[in-house]
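Working notes, beginning with the structure itself.
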Amino acid sequence: MLQYVIRRLLWSFVMVMLVVMVVFLIFFVLPGGTGRKEDGRASPVAVMMAGRNPRPELVKNIEERLGLDRPVYVQFGRYVWNALHGDLGYSYQSQIDVREAVFHRLPATASLAFGASIVWLLIGIPIGIISALKRRSLLDRGSMLFALIGVSMPTFWLGLIAIFYFDSNLNVYSVGDYASITDNPAQWFATMWLPWLVLAVTFAAFYTRMVRGNMLEVQSEDYIRTARAKGLKERSVIRHILRSALTPVVTMYGLDLGILLGGAIITERIFNIPGIGLLAVDAISSSDLPIILGTTLFAAMFVILANLIVDVVYASLDPRVRYS
Amino acid sequence: MSTETLLEVKDLRVHFPTGDGLVKAVDGLSFTVDRGDTFGIVGESGSGKSVTNLTALGLTDRNAANITGEVLFKGRDLLKLGKEDLRKIRGKEMAMIFQDPFSCLHPFYRVGDQIVEAILCHDKIPKKQAEQRTYDLLGAVGIPKPKERFRDFPHQYSGGMRQRAMIAMAMAHNPDLLIADEPTTALDVTVQAQILDLIERVKTEFDIGVILITHDLGVVSEVANKVMVMYAGRAVEMGTRDEVFGNPQHPYTWGLLESIPHVDHKGSKLVPIEGAPPSLIRTPNGCSFHPRCPHRFDPCDKDDPEIKDRGAGHPDACHLSAAEKTRVWAERQAPRTKAAS
């Protein structure tokens with residue numbers, strides 16, 4: 001098992017390197033790219049940083065300081081080397097430490113991701129279970145309709161409608177007053193509940209359908225017939241069904257959470273939550289390569305780490321799975 | 001020696017209304033099983049063998065099926081019992097093992113725990129005591145090192161061991177009746193024999209009745225003392241093993257007997273039964289076997305033959321006269337015996 005985890009971690013390192021390399025290349029190769037220098041013209045970033053009507057020496061100076069005058073592979077190598085030492089560079093725009101910037105934004109993103117995930121689990125799993133147990137009932141059809149609507153509504157649309165209704169109409173919510181949970185818990189909750197609900201709707205719909213589908217599949221398994229044949233009470237039979245039907249949900253949940261921790265870009269943008277997603281969006285619009293790389297790096301690590309944790313947890317849930 | 005009737009099925013009908021029409025899975029079936037019997041039920045897939053027994057156990061969805069008739073188990077009509085009363089009988093007085101031992105145990109629970117659970121759901125005894133009983137049961141069905149194998153998960157067992165574990169689970173409460181639904185079909189031939197031996201041994205030791213459902217006449221001829229041949233939801237022939245195998249009366253039984261491969265009949269051709277089992281929604285008029293029967297004559301497509309003793313000493317459902325049957329069967333046998341000699 002330990003050997004398996006170590007091997008997976010090594011592969012994770014390779015994966016993260018590949019991701020960083022791709023992002024690096026995109027921002028160098030594409031027109032208007034950060035470090036792109038065309039025949040003797042100055043790097044756009046250096047020009048931008050130098051301010052209005054700069055002297056050529058200043059631009060050159062900046063290029064040298066940031067290493068923008070060096071070939072791409074040297075810049076990449078230097079970035080990786082520094083990153084391995086925990087240094088992700090400084091923002092071109094605000095000059096702040098990238099690692100600190102990401103860490104600073106992490107609590108907001110984590111609040112959103114964990115909060116929303118609790119909401120969708122609390123909605124999705126019970127409804128899915130009841131739907132499967134009361135198959136073809138009015139309740140089942142109703143929740144399947146809810147699920148269909150839920151998966152069909154895009155977050156950006158639902159988010160805007162929700163803001164329009166709860167902020168402009170009812171005045172029970174106000175956008176953009178995020179406070180961290182440690183500073184002002186009441187304020188934190190007041191700004192987070194609506195984004196949680198909006199983000200959770202799609203996921204809840206998806207989880208409802210998955211749990212219901214799994215339950216129905218497991219219900220017709222031979223070992224459930226065995227459970228009935230040996231005279232178990234219906235309550236115990238349902239426990240047997242859930243044990244199999246909910247195991248894949250753990251996998252799903254881990255992966256979804258991993259993706260969201262890398263930044264729920266749309267939700268953060270709509271509700272103006274200062275999380276990693278918003279940081280990334282702002283960085284892209286201002287060609288702030290170090291921040292773009294930093295957020296991507298963290299997002300990739302979250303996804304890869306979530307995958308690893310899910311696989312390890314799965315081995316303890318399903319006795320048939322053994323890693324060697 | 002007086003025999004005790006365990007199960008008496010009277011004119012059982014299990015009909016499933018579906019979008020395409022009424023599926024008559026079981027259509028007027030009567031039989032009795034006594035203590036000490038190994039009652040073989042033989043028939044092709046879809047002949048109603050399994051549905052009959054799942055219905056007896058109360059495992060057929062009563063909302064999805066129209067069930068009529070009587071299933072008397074030790075005098076009580078199971079079809080009239082409520083869900084909770086049936087549950088108390090299932091696994092306690094009447095137990096069942098199934099065809100595919102690979103899928104019959106819950107993959108996420110330890111084998112031992114699944115048996116302990118079966119014990120505890122009917123007997124309120126301390127868990128330690130149930131575990132001890134499970135060790136004994138696993139040992140009794142021939143699982144080596146029961147204490148260690150108790151903690152294994154099903155995937156760590158072989159197919160034969162899983163079926164042994166299923167038998168151990170079924171015998172946890174000394175039931176009166178064990179229903180074995182194709183218990184050997186999914187197993188290797190050598191393991192098949194061991195499992196059949198085990199079922200026989202269990203039957204004698206615990207003095208119970210066994211219903212053995214199979215499509216394999218070879219299996220039935222080895223262990224059953226009574227045989228019922230089913231076709232399209234009905235019994236077409238019924239009797240002791242010697243009656244049915246020594247003096248078969250129904251053309252369908254003949255077909256089944258001829259399609260058994262014999263190692264010693266090298267060179268003789270296997271004779272398949274022409275055609276396929278009928279749709280249970282639109283069963284043929286008259287005898288439901290007549291479209292596939294090479295000996296059909298005038299009344300076969302009009303009159304539905306009831307199952308009764310037609311002069312052979314045991315009941316069958318074929319319009320041919322007993323003398324005619326003896327002649328035809330001897331004729332059909334002739335080329336095979338010749339090829340064998």
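If you're wondering about the labels, chains in the structure tokens are A, B, ... by order shown, residues count from 1 in each chain, ligands from 1 in order shown.
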
Please determine the contact residues of chain A with respect to chain B at a cut-off of 9 Å, counting only C-alpha atoms, and supply them as a list of chain:residue names. A:Glu221, A:Asp222, A:Tyr223, A:Ile224, A:Arg225, A:Thr226, A:Ala227, A:Arg228, A:Ala229, A:Lys230, A:Gly231, A:Leu232, A:Lys233, A:His240, A:Arg243, A:Ser244, A:Leu317, A:Asp318, A:Pro319, A:Arg320

Contacts of segment 187-203 of chain A at 8 Å or less, counting only C-alpha atoms, minus same-chain residues fewer than 2 places along, as an mmCIF file with N, CA and C atoms, in the first residue's frame?
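Result file follows (result.cif):
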```cif
data_model
loop_
_atom_site.group_PDB
_atom_site.id
_atom_site.type_symbol
_atom_site.label_atom_id
_atom_site.label_comp_id
_atom_site.auth_asym_id
_atom_site.auth_seq_id
_atom_site.Cartn_x
_atom_site.Cartn_y
_atom_site.Cartn_z
ATOM 1 N N SER A 111 -14.423 27.436 1.702
ATOM 2 C CA SER A 111 -15.745 27.659 2.294
ATOM 3 C C SER A 111 -16.827 27.325 1.289
ATOM 4 N N LEU A 112 -16.627 27.823 0.074
ATOM 5 C CA LEU A 112 -17.625 27.596 -0.967
ATOM 6 C C LEU A 112 -17.747 26.104 -1.285
ATOM 7 N N ALA A 113 -16.586 25.459 -1.503
ATOM 8 C CA ALA A 113 -16.598 24.061 -1.935
ATOM 9 C C ALA A 113 -17.182 23.146 -0.856
ATOM 10 N N GLY A 115 -18.969 23.952 1.881
ATOM 11 C CA GLY A 115 -20.355 24.314 2.197
ATOM 12 C C GLY A 115 -21.307 23.761 1.167
ATOM 13 N N ALA A 116 -20.999 24.028 -0.104
ATOM 14 C CA ALA A 116 -21.895 23.569 -1.169
ATOM 15 C C ALA A 116 -21.971 22.050 -1.180
ATOM 16 N N SER A 117 -20.827 21.393 -0.943
ATOM 17 C CA SER A 117 -20.836 19.931 -1.039
ATOM 18 C C SER A 117 -21.691 19.323 0.068
ATOM 19 N N VAL A 119 -24.319 20.760 1.319
ATOM 20 C CA VAL A 119 -25.704 20.987 0.889
ATOM 21 C C VAL A 119 -26.123 19.932 -0.133
ATOM 22 N N TRP A 120 -25.250 19.687 -1.143
ATOM 23 C CA TRP A 120 -25.720 18.755 -2.189
ATOM 24 C C TRP A 120 -25.780 17.310 -1.703
ATOM 25 N N GLY A 124 -29.039 15.480 -2.210
ATOM 26 C CA GLY A 124 -28.967 14.453 -3.246
ATOM 27 C C GLY A 124 -29.119 13.032 -2.730
ATOM 28 N N GLY A 150 -32.514 20.396 -12.528
ATOM 29 C CA GLY A 150 -31.276 20.762 -11.849
ATOM 30 C C GLY A 150 -30.049 20.615 -12.733
ATOM 31 N N VAL A 151 -29.943 19.492 -13.435
ATOM 32 C CA VAL A 151 -28.749 19.307 -14.262
ATOM 33 C C VAL A 151 -28.817 20.195 -15.507
ATOM 34 N N SER A 152 -30.028 20.636 -15.866
ATOM 35 C CA SER A 152 -30.158 21.420 -17.094
ATOM 36 C C SER A 152 -29.858 22.906 -16.892
ATOM 37 N N MET A 153 -29.954 23.379 -15.653
ATOM 38 C CA MET A 153 -29.748 24.817 -15.436
ATOM 39 C C MET A 153 -28.275 25.142 -15.283
ATOM 40 N N PRO A 154 -27.724 25.978 -16.165
ATOM 41 C CA PRO A 154 -26.326 26.341 -16.000
ATOM 42 C C PRO A 154 -26.148 27.241 -14.779
ATOM 43 N N THR A 155 -25.009 27.086 -14.114
ATOM 44 C CA THR A 155 -24.775 27.828 -12.882
ATOM 45 C C THR A 155 -24.811 29.343 -13.100
ATOM 46 N N LEU A 158 -28.523 30.353 -13.307
ATOM 47 C CA LEU A 158 -29.190 30.190 -12.021
ATOM 48 C C LEU A 158 -28.665 31.209 -11.018
ATOM 49 N N GLY A 159 -27.339 31.440 -11.047
ATOM 50 C CA GLY A 159 -26.716 32.380 -10.120
ATOM 51 C C GLY A 159 -27.273 33.782 -10.307
ATOM 52 N N ALA A 162 -30.798 33.978 -9.123
ATOM 53 C CA ALA A 162 -30.852 33.950 -7.665
ATOM 54 C C ALA A 162 -30.492 35.316 -7.088
ATOM 55 N N TYR A 173 -30.264 39.206 0.701
ATOM 56 C CA TYR A 173 -28.889 38.802 0.424
ATOM 57 C C TYR A 173 -28.191 39.980 -0.209
ATOM 58 N N SER A 174 -26.913 40.141 0.098
ATOM 59 C CA SER A 174 -26.219 41.184 -0.638
ATOM 60 C C SER A 174 -24.885 40.670 -1.157
ATOM 61 N N VAL A 175 -24.684 40.867 -2.446
ATOM 62 C CA VAL A 175 -23.533 40.306 -3.135
ATOM 63 C C VAL A 175 -22.248 41.024 -2.753
ATOM 64 N N GLY A 176 -21.205 40.257 -2.564
ATOM 65 C CA GLY A 176 -19.880 40.846 -2.504
ATOM 66 C C GLY A 176 -19.424 41.341 -1.150
ATOM 67 N N ASP A 177 -20.122 40.930 -0.072
ATOM 68 C CA ASP A 177 -19.683 41.374 1.257
ATOM 69 C C ASP A 177 -18.958 40.261 1.979
ATOM 70 N N TYR A 178 -18.122 39.511 1.251
ATOM 71 C CA TYR A 178 -17.484 38.349 1.859
ATOM 72 C C TYR A 178 -16.613 38.739 3.045
ATOM 73 N N ALA A 179 -16.765 38.014 4.130
ATOM 74 C CA ALA A 179 -15.867 38.151 5.276
ATOM 75 C C ALA A 179 -15.425 36.757 5.663
ATOM 76 N N SER A 180 -14.201 36.622 6.143
ATOM 77 C CA SER A 180 -13.746 35.272 6.462
ATOM 78 C C SER A 180 -14.435 34.775 7.727
ATOM 79 N N ILE A 181 -14.486 33.459 7.849
ATOM 80 C CA ILE A 181 -15.245 32.853 8.946
ATOM 81 C C ILE A 181 -14.643 33.210 10.298
ATOM 82 N N ASN A 184 -15.640 37.241 10.939
ATOM 83 C CA ASN A 184 -17.040 37.587 11.178
ATOM 84 C C ASN A 184 -17.944 36.450 10.689
ATOM 85 N N PRO A 185 -18.127 35.448 11.545
ATOM 86 C CA PRO A 185 -18.864 34.248 11.112
ATOM 87 C C PRO A 185 -20.271 34.554 10.578
ATOM 88 N N ALA A 205 -28.645 17.430 -8.117
ATOM 89 C CA ALA A 205 -29.435 16.743 -9.139
ATOM 90 C C ALA A 205 -28.674 15.532 -9.650
ATOM 91 N N PHE A 206 -27.393 15.751 -9.881
ATOM 92 C CA PHE A 206 -26.557 14.681 -10.408
ATOM 93 C C PHE A 206 -26.439 13.532 -9.403
ATOM 94 N N TYR A 207 -26.232 13.877 -8.125
ATOM 95 C CA TYR A 207 -26.079 12.854 -7.087
ATOM 96 C C TYR A 207 -27.376 12.096 -6.866
ATOM 97 N N THR A 267 -19.086 30.514 -10.121
ATOM 98 C CA THR A 267 -19.798 30.913 -8.908
ATOM 99 C C THR A 267 -19.058 32.036 -8.181
ATOM 100 N N PHE A 271 -20.814 35.753 -7.631
ATOM 101 C CA PHE A 271 -21.103 36.211 -6.276
ATOM 102 C C PHE A 271 -19.955 37.030 -5.694
#
```

I'd like to know which residues of segment 10-257 of chain B are helix (DSSP H, G or I) (by DSSP, run on the backbone); could you write them as a ChimeraX atom specification? /B:49-56,78-80,83-89,111-120,127-140,146-149,154-156,159-173,189-206,217-223,241-246,251-257

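Going from atom CA of Arg52 of chain A over to atom CA of Asp288 of chain A, you cover 18.4 Å.
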
Contact residues around Leu106 of chain A with only C-alpha atoms at 8 Å, ignoring same-chain residues under 4 positions, as a PyMOL selection string: chain A and resi 102+110+261+275-276

Save the residues we just selected, C-alpha atoms, as a PDB file, in the first residue's frame?
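Result went into part.pdb, see below:
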```
ATOM      1  CA  VAL A 102      -3.176  31.634  -3.312  1.00  0.00           C
ATOM      2  CA  ALA A 110     -12.718  26.088   0.567  1.00  0.00           C
ATOM      3  CA  LEU A 261     -11.014  23.405  -4.444  1.00  0.00           C
ATOM      4  CA  GLY A 275     -11.403  32.770  -3.981  1.00  0.00           C
ATOM      5  CA  ILE A 276      -8.821  31.063  -6.144  1.00  0.00           C
TER       6      ILE A 276
END
```

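One distance worth recording is that between atom CA of Gly233 of chain B and atom CA of Arg13 of chain B, which is 8.5 Å.
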
Correct to one decimal, the distance atom CA of Pro17 of chain B-atom CA of Ile127 of chain A is 29.2 Å

Skip Asp303 of chain B itself and residues of its chain fewer than 4 positions away, then list as a PyMOL selection string all residues within 8 Å of it, counting only C-alpha atoms. chain B and resi 285-287+299

Written selection (C-alpha atoms) as an mmCIF file, in the first residue's frame:
```cif
data_model
loop_
_atom_site.group_PDB
_atom_site.id
_atom_site.type_symbol
_atom_site.label_atom_id
_atom_site.label_comp_id
_atom_site.auth_asym_id
_atom_site.auth_seq_id
_atom_site.Cartn_x
_atom_site.Cartn_y
_atom_site.Cartn_z
ATOM 1 C CA ASN B 285 -54.054 -23.828 -27.608
ATOM 2 C CA GLY B 286 -54.479 -27.344 -26.343
ATOM 3 C CA CYS B 287 -51.308 -28.983 -25.065
ATOM 4 C CA PRO B 299 -56.830 -33.601 -30.056
#
```

Shell of 9 Å around Leu255 of chain A, only C-alpha atoms, local chain residues under 4 positions omitted, as JSON, numbers by chain: {"A": [250, 251, 259, 260, 303, 304, 306, 307, 310]}

Let's see if you can do this: from backbone DSSP, list all strand (DSSP E) residues in segment 134-339 of chain B, as a PyMOL selection string. chain B and resi 177-181+209-214+226-231+234-240+308-309+315-316

I'd like the contact shell of Gly275 of chain B - 12 Å cut-off, only C-alpha atoms, skipping same-chain residues fewer than 4 positions apart - returned as a PyMOL selection string. chain B and resi 252+255+279+289-294
